[in-house]
>>> print(open('target31.txt').read())   # compact mmCIF, C-alpha atoms
# COMPACT_ATOMS: atom_id res chain seq x y z
CA SER A 1 -101.80 0.39 99.18
CA ILE A 2 -100.60 0.00 95.60
CA LEU A 3 -100.35 3.17 93.50
CA ALA A 4 -99.74 3.27 89.75
CA ILE A 5 -99.75 5.97 87.11
CA VAL A 6 -99.12 6.35 83.40
CA TYR A 7 -96.40 8.77 82.29
CA LYS A 8 -94.90 9.60 78.93
CA ASP A 9 -92.42 6.71 78.84
CA GLY A 10 -94.57 3.96 80.35
CA VAL A 11 -96.09 3.07 83.71
CA MET A 12 -94.78 3.55 87.25
CA MET A 13 -95.99 1.68 90.33
CA THR A 14 -95.21 1.74 94.04
CA GLY A 15 -96.22 -0.18 97.14
CA ASP A 16 -94.94 -0.57 100.68
CA CYS A 17 -93.22 -3.66 102.08
CA LEU A 18 -95.56 -4.37 104.99
CA ALA A 19 -97.67 -7.46 105.60
CA SER A 20 -99.87 -7.04 108.68
CA TYR A 21 -101.49 -9.64 110.89
CA GLY A 22 -104.61 -7.72 111.83
CA LYS A 23 -103.20 -4.47 113.21
CA LEU A 24 -99.84 -6.09 113.97
CA ALA A 25 -97.11 -4.96 111.55
CA ARG A 26 -95.79 -8.50 111.39
CA PHE A 27 -93.65 -8.70 108.24
CA ARG A 28 -91.74 -5.61 107.11
CA SER A 29 -89.84 -6.79 104.04
CA VAL A 30 -92.35 -8.40 101.69
CA ASP A 31 -92.60 -7.72 97.96
CA ARG A 32 -96.03 -6.64 96.75
CA ILE A 33 -94.79 -5.88 93.24
CA LYS A 34 -93.64 -8.66 90.94
CA ALA A 35 -92.22 -8.64 87.42
CA LEU A 36 -93.92 -11.28 85.25
CA ASN A 37 -91.74 -10.70 82.18
CA ASN A 38 -89.99 -7.83 80.39
CA THR A 39 -93.25 -6.07 79.59
CA THR A 40 -95.47 -6.65 82.62
CA ILE A 41 -95.55 -6.13 86.38
CA ILE A 42 -98.27 -6.90 88.90
CA GLY A 43 -98.95 -5.27 92.25
CA ALA A 44 -101.37 -6.42 94.93
CA SER A 45 -102.90 -5.24 98.16
CA GLY A 46 -104.83 -7.55 100.45
CA ASP A 47 -104.05 -11.06 101.64
CA TYR A 48 -100.40 -11.87 101.03
CA SER A 49 -100.80 -15.64 100.88
CA ASP A 50 -103.44 -15.25 98.17
CA PHE A 51 -101.02 -13.00 96.30
CA GLN A 52 -98.36 -15.72 96.51
CA TYR A 53 -100.86 -18.27 95.20
CA VAL A 54 -101.73 -16.06 92.22
CA CYS A 55 -98.05 -15.38 91.50
CA HIS A 56 -97.49 -19.14 91.39
CA MET A 57 -100.34 -19.50 88.87
CA LEU A 58 -98.98 -16.68 86.72
CA ASP A 59 -95.45 -18.09 86.82
CA LYS A 60 -96.79 -21.39 85.49
CA GLN A 61 -98.39 -19.52 82.59
CA VAL A 62 -95.09 -17.79 81.84
CA ILE A 63 -93.23 -21.11 81.89
CA LYS A 64 -95.86 -22.72 79.68
CA ASP A 65 -95.59 -19.83 77.23
CA GLY A 66 -91.80 -20.09 77.19
CA ILE A 67 -91.91 -23.82 76.46
CA GLU A 68 -93.86 -23.14 73.27
CA MET A 69 -90.87 -21.26 71.81
CA ASP A 70 -93.08 -19.74 69.13
CA GLY A 71 -91.54 -16.28 69.19
CA HIS A 72 -94.47 -14.74 71.03
CA MET A 73 -94.53 -13.43 74.59
CA LEU A 74 -97.46 -12.91 76.93
CA GLN A 75 -98.50 -9.25 77.00
CA PRO A 76 -100.00 -7.19 79.86
CA SER A 77 -103.53 -7.56 78.45
CA HIS A 78 -103.14 -11.36 78.40
CA PHE A 79 -102.16 -11.48 82.06
CA PHE A 80 -104.98 -9.10 82.91
CA GLU A 81 -107.65 -11.13 81.10
CA TYR A 82 -106.40 -14.34 82.71
CA LEU A 83 -106.39 -12.77 86.15
CA SER A 84 -109.84 -11.27 85.63
CA ASN A 85 -111.26 -14.70 84.82
CA VAL A 86 -109.54 -16.27 87.83
CA MET A 87 -110.90 -13.63 90.21
CA TYR A 88 -114.43 -13.77 88.85
CA ASN A 89 -114.43 -17.57 88.89
CA ARG A 90 -113.37 -17.67 92.54
CA ARG A 91 -115.93 -15.02 93.43
CA SER A 92 -118.66 -17.03 91.71
CA LYS A 93 -117.73 -20.03 93.85
CA MET A 94 -118.14 -17.85 96.97
CA ASN A 95 -114.45 -18.39 97.72
CA PRO A 96 -112.75 -15.18 96.54
CA LEU A 97 -109.08 -14.41 96.54
CA TRP A 98 -108.83 -11.45 98.92
CA ASN A 99 -106.73 -9.19 96.75
CA TYR A 100 -106.90 -6.07 94.66
CA PHE A 101 -104.56 -6.48 91.70
CA VAL A 102 -102.98 -3.85 89.49
CA VAL A 103 -101.50 -4.99 86.17
CA ALA A 104 -99.15 -2.59 84.41
CA GLY A 105 -96.98 -2.78 81.36
CA VAL A 106 -96.21 -1.63 77.85
CA GLU A 107 -97.99 -3.27 74.94
CA LYS A 108 -97.49 -2.37 71.27
CA GLY A 109 -95.60 0.73 72.35
CA LYS A 110 -98.44 2.02 74.55
CA PRO A 111 -98.79 2.04 78.35
CA PHE A 112 -101.20 -0.49 79.85
CA LEU A 113 -102.70 -0.03 83.31
CA SER A 114 -105.72 -1.94 84.65
CA ALA A 115 -107.06 -3.31 87.92
CA VAL A 116 -109.22 -6.19 89.14
CA ASP A 117 -110.67 -6.66 92.63
CA LEU A 118 -111.76 -9.69 94.65
CA ARG A 119 -115.19 -9.66 92.97
CA GLY A 120 -113.71 -9.80 89.49
CA THR A 121 -114.62 -6.19 88.77
CA THR A 122 -112.22 -4.68 86.25
CA TYR A 123 -111.37 -1.24 84.96
CA SER A 124 -108.60 0.65 83.23
CA SER A 125 -107.32 4.14 84.01
CA THR A 126 -104.20 6.28 83.90
CA THR A 127 -104.19 6.46 87.71
CA ILE A 128 -105.00 3.54 90.01
CA ALA A 129 -104.83 3.27 93.78
CA THR A 130 -105.87 0.37 96.02
CA GLY A 131 -106.64 0.09 99.71
CA PHE A 132 -106.60 3.31 101.71
CA GLY A 133 -104.89 4.92 98.74
CA ALA A 134 -108.17 4.83 96.83
CA TYR A 135 -109.48 7.42 99.28
CA LEU A 136 -106.41 9.47 100.16
CA ALA A 137 -104.06 9.20 97.19
CA GLN A 138 -106.39 8.93 94.21
CA PRO A 139 -107.48 12.60 94.25
CA LEU A 140 -103.82 13.65 94.37
CA LEU A 141 -102.89 11.29 91.55
CA ARG A 142 -105.72 12.53 89.32
CA LYS A 143 -104.81 16.15 89.92
CA ALA A 144 -101.17 15.54 89.02
CA VAL A 145 -101.57 13.08 86.14
CA VAL A 146 -104.90 13.22 84.31
CA GLY A 147 -104.53 15.18 81.08
CA LYS A 148 -100.73 15.27 81.43
CA GLU A 149 -99.87 11.64 80.69
CA SER A 150 -98.08 12.43 77.43
CA THR A 151 -95.83 15.09 79.00
CA LEU A 152 -95.25 13.76 82.53
CA THR A 153 -91.55 12.90 82.91
CA GLU A 154 -90.12 10.00 84.87
CA ALA A 155 -88.79 12.33 87.58
CA GLU A 156 -92.18 14.02 87.91
CA ALA A 157 -93.99 10.68 88.06
CA LYS A 158 -91.64 9.47 90.79
CA GLN A 159 -92.19 12.67 92.77
CA VAL A 160 -95.98 12.33 92.52
CA LEU A 161 -95.91 8.75 93.80
CA GLU A 162 -93.50 9.55 96.61
CA ASP A 163 -95.64 12.48 97.75
CA CYS A 164 -98.69 10.20 97.83
CA MET A 165 -96.86 7.47 99.74
CA ARG A 166 -95.75 10.06 102.27
CA VAL A 167 -99.38 11.16 102.76
CA LEU A 168 -100.44 7.53 103.18
CA PHE A 169 -97.74 6.95 105.78
CA TYR A 170 -98.95 9.98 107.71
CA ARG A 171 -102.62 9.01 107.55
CA ASP A 172 -102.81 5.23 107.31
CA ALA A 173 -102.21 3.44 110.61
CA VAL A 174 -101.44 0.20 108.79
CA SER A 175 -98.59 1.40 106.58
CA LEU A 176 -94.81 1.42 106.56
CA ASN A 177 -92.24 3.97 105.45
CA LEU A 178 -90.42 1.39 103.37
CA PHE A 179 -91.47 0.74 99.81
CA ARG A 180 -90.40 -0.20 96.30
CA LEU A 181 -90.78 1.76 93.10
CA ALA A 182 -91.22 -0.06 89.79
CA LYS A 183 -91.38 1.18 86.22
CA VAL A 184 -92.17 -0.46 82.90
CA THR A 185 -90.98 1.13 79.68
CA ALA A 186 -90.12 -0.02 76.19
CA ASP A 187 -86.68 -0.89 77.59
CA GLY A 188 -88.09 -3.35 80.12
CA VAL A 189 -88.87 -3.57 83.83
CA VAL A 190 -86.96 -1.96 86.68
CA ILE A 191 -87.89 -2.53 90.34
CA SER A 192 -85.98 -0.56 92.97
CA GLU A 193 -84.60 -1.81 96.24
CA PRO A 194 -86.71 -0.87 99.30
CA TYR A 195 -86.17 2.69 100.51
CA SER A 196 -87.74 5.21 102.88
CA LEU A 197 -88.85 8.83 102.56
CA GLU A 198 -88.02 11.78 104.76
CA THR A 199 -90.96 12.69 107.01
CA ASN A 200 -91.81 15.65 109.20
CA TRP A 201 -93.94 15.08 112.30
CA SER A 202 -93.64 18.61 113.75
CA VAL A 203 -97.34 19.17 113.03
CA ALA A 204 -98.09 16.63 115.76
CA ASN A 205 -97.36 19.35 118.34
CA TYR A 206 -100.52 21.14 117.22
CA VAL A 207 -102.76 18.13 117.80
CA LYS A 208 -104.86 18.62 120.92
CA GLY A 209 -103.82 16.27 123.69
CA TYR A 210 -100.44 15.45 122.15
CA SER A 211 -97.66 15.39 124.72
CA GLY A 212 -94.63 14.36 122.67
>>> encode(input="target31.txt", output="structure tokens")
Amino acid sequence: SILAIVYKDGVMMTGDCLASYGKLARFRSVDRIKALNNTTIIGASGDYSDFQYVCHMLDKQVIKDGIEMDGHMLQPSHFFEYLSNVMYNRRSKMNPLWNYFVVAGVEKGKPFLSAVDLRGTTYSSTTIATGFGAYLAQPLLRKAVVGKESTLTEAEAKQVLEDCMRVLFYRDAVSLNLFRLAKVTADGVVISEPYSLETNWSVANYVKGYSG
């Protein structure tokens, strides 16, 4: 799952480092969050090879933009519109890219957070969750963030996302307690090194049939 929220200084996003082969937790150190430039990051759940393909396409756009040397830089909304067209085009050809993308950044001093799925469906919100997170984490994100975006501090935003990732690790069989945290502010992009959260499995003793 990819989770992202808007807070008073910008946008914060998190995602785990697992790439599964079916139910096999095959790769445990992949990056599902990528910085496109100093104002934009992208996160993706779904097929990892499709994510790599899209990242390659976006990198070419960044290089092409840099070659122009016209003093302008691609903004989050530009990447989002481009990605929306790519996803809808592939869907229309009955050959979709099996991803759910979240584009986050800061544009003209304001936070930008939008999502596009494999069908090319797009929407914007101050809280976005993909995968299992759309069912388990989204209610928690909305309760903690909606209506408080202008006052939510960086520390509070980090705590909200970590609490949600802990819930997802408890409840989602295809998840990993190793993830990255990224933030985009007016000062640029910062993506953390992978780290884990403390967990407490003592409740498992109360599950009927458990013999730990």
>>> closest_atom_pairs(input="target31.txt", of="region 89-165 of chain A", to="region 185-197 of chain A", cutoff="8 Å", atoms="all atoms listed in the file", output="CSV")
residue,atom,partner,partner_atom,distance
A:Gly105,CA,A:Thr185,CA,7.4
A:Val106,CA,A:Thr185,CA,6.2
A:Gly109,CA,A:Ala186,CA,6.7
A:Pro111,CA,A:Thr185,CA,8.0
A:Glu162,CA,A:Leu197,CA,7.6
>>> atom_distance(input="target31.txt", atom1="CA of Thr40 (chain A)", atom2="CA of Arg26 (chain A)")
28.8 Å
>>> atom_distance(input="target31.txt", atom1="CA of Val145 (chain A)", atom2="CA of Phe132 (chain A)")
19.1 Å
>>> closest_residue(input="target31.txt", among="A:Gly120, A:Pro139, A:Gly10, A:Gly15", to="Phe80 (chain A)", atoms="only C-alpha atoms")
A:Gly120
>>> closest_atom_pairs(input="target31.txt", of="region 22-78 of chain A", to="region 170-183 of chain A", cutoff="12 Å", atoms="all atoms listed in the file", output="tab-separated table")
residue	atom	partner	partner_atom	distance
A:Gly22	CA	A:Val174	CA	9.1
A:Lys23	CA	A:Val174	CA	6.7
A:Leu24	CA	A:Val174	CA	8.3
A:Ala25	CA	A:Val174	CA	7.3
A:Arg26	CA	A:Val174	CA	10.7
A:Phe27	CA	A:Leu176	CA	10.3
A:Arg28	CA	A:Leu176	CA	7.7
A:Ser29	CA	A:Leu178	CA	8.2
A:Val30	CA	A:Phe179	CA	9.4
A:Asp31	CA	A:Arg180	CA	8.0
A:Arg32	CA	A:Arg180	CA	8.6
A:Ile33	CA	A:Ala182	CA	7.6
A:Lys34	CA	A:Ala182	CA	9.0
A:Ala35	CA	A:Ala182	CA	9.0
A:Asn38	CA	A:Lys183	CA	10.8
A:Thr39	CA	A:Lys183	CA	10.0
A:Thr40	CA	A:Lys183	CA	9.5
A:Ile41	CA	A:Ala182	CA	8.2
A:Ile42	CA	A:Ala182	CA	9.9
A:Gly43	CA	A:Ala182	CA	9.6
A:Ser45	CA	A:Ser175	CA	11.6
A:Gly46	CA	A:Val174	CA	11.9
>>> closest_residue(input="target31.txt", among="A:Ala19, A:Val146, A:Leu113, A:Val86", to="Ile128 (chain A)", atoms="all atoms listed in the file")
A:Leu113
>>> closest_residue(input="target31.txt", among="A:Leu161, A:Ala115, A:Met69, A:Ala104", to="Met87 (chain A)", atoms="all atoms listed in the file")
A:Ala115
>>> atom_distance(input="target31.txt", atom1="CA of Ser49 (chain A)", atom2="CA of Val6 (chain A)")
28.1 Å
>>> closest_residue(input="target31.txt", among="A:His78, A:Lys93, A:Asn85, A:Asn99", to="Phe51 (chain A)", atoms="only C-alpha atoms")
A:Asn99
>>> residues_near_point(input="target31.txt", point="(-110.3, -4.7, 93.3)", cutoff="10 Å", atoms="all atoms listed in the file", output="mmCIF file with C-alpha atoms, in the frame of the given file")
data_model
loop_
_atom_site.group_PDB
_atom_site.id
_atom_site.type_symbol
_atom_site.label_atom_id
_atom_site.label_comp_id
_atom_site.auth_asym_id
_atom_site.auth_seq_id
_atom_site.Cartn_x
_atom_site.Cartn_y
_atom_site.Cartn_z
ATOM 1 C CA ALA A 44 -101.370 -6.420 94.930
ATOM 2 C CA SER A 45 -102.900 -5.240 98.160
ATOM 3 C CA GLY A 46 -104.830 -7.550 100.450
ATOM 4 C CA MET A 87 -110.900 -13.630 90.210
ATOM 5 C CA TRP A 98 -108.830 -11.450 98.920
ATOM 6 C CA ASN A 99 -106.730 -9.190 96.750
ATOM 7 C CA TYR A 100 -106.900 -6.070 94.660
ATOM 8 C CA PHE A 101 -104.560 -6.480 91.700
ATOM 9 C CA VAL A 102 -102.980 -3.850 89.490
ATOM 10 C CA ALA A 115 -107.060 -3.310 87.920
ATOM 11 C CA VAL A 116 -109.220 -6.190 89.140
ATOM 12 C CA ASP A 117 -110.670 -6.660 92.630
ATOM 13 C CA LEU A 118 -111.760 -9.690 94.650
ATOM 14 C CA ARG A 119 -115.190 -9.660 92.970
ATOM 15 C CA GLY A 120 -113.710 -9.800 89.490
ATOM 16 C CA THR A 121 -114.620 -6.190 88.770
ATOM 17 C CA THR A 122 -112.220 -4.680 86.250
ATOM 18 C CA TYR A 123 -111.370 -1.240 84.960
ATOM 19 C CA ALA A 129 -104.830 3.270 93.780
ATOM 20 C CA THR A 130 -105.870 0.370 96.020
ATOM 21 C CA GLY A 131 -106.640 0.090 99.710
#
>>> closest_residue(input="target31.txt", among="A:Phe169, A:Thr126, A:Gln75, A:Val54", to="Gly147 (chain A)", atoms="only C-alpha atoms")
A:Thr126
>>> closest_residue(input="target31.txt", among="A:Lys143, A:Tyr48, A:Val103, A:Ala4", to="Leu18 (chain A)", atoms="only C-alpha atoms")
A:Tyr48
>>> axis_aligned_box(input="target31.txt", around="region 51-69 of chain A", padding_each_side="3 Å", output="JSON")
{"center_x": -96.3, "center_y": -18.4, "center_z": 84.2, "size_x": 16.9, "size_y": 16.8, "size_z": 30.7}
>>> residues_around(input="target31.txt", residues="region 55-58 of chain A", least_positions_apart="4", cutoff="8 Å", atoms="only C-alpha atoms", output="ChimeraX atom specification")
/A:36,51,62,79
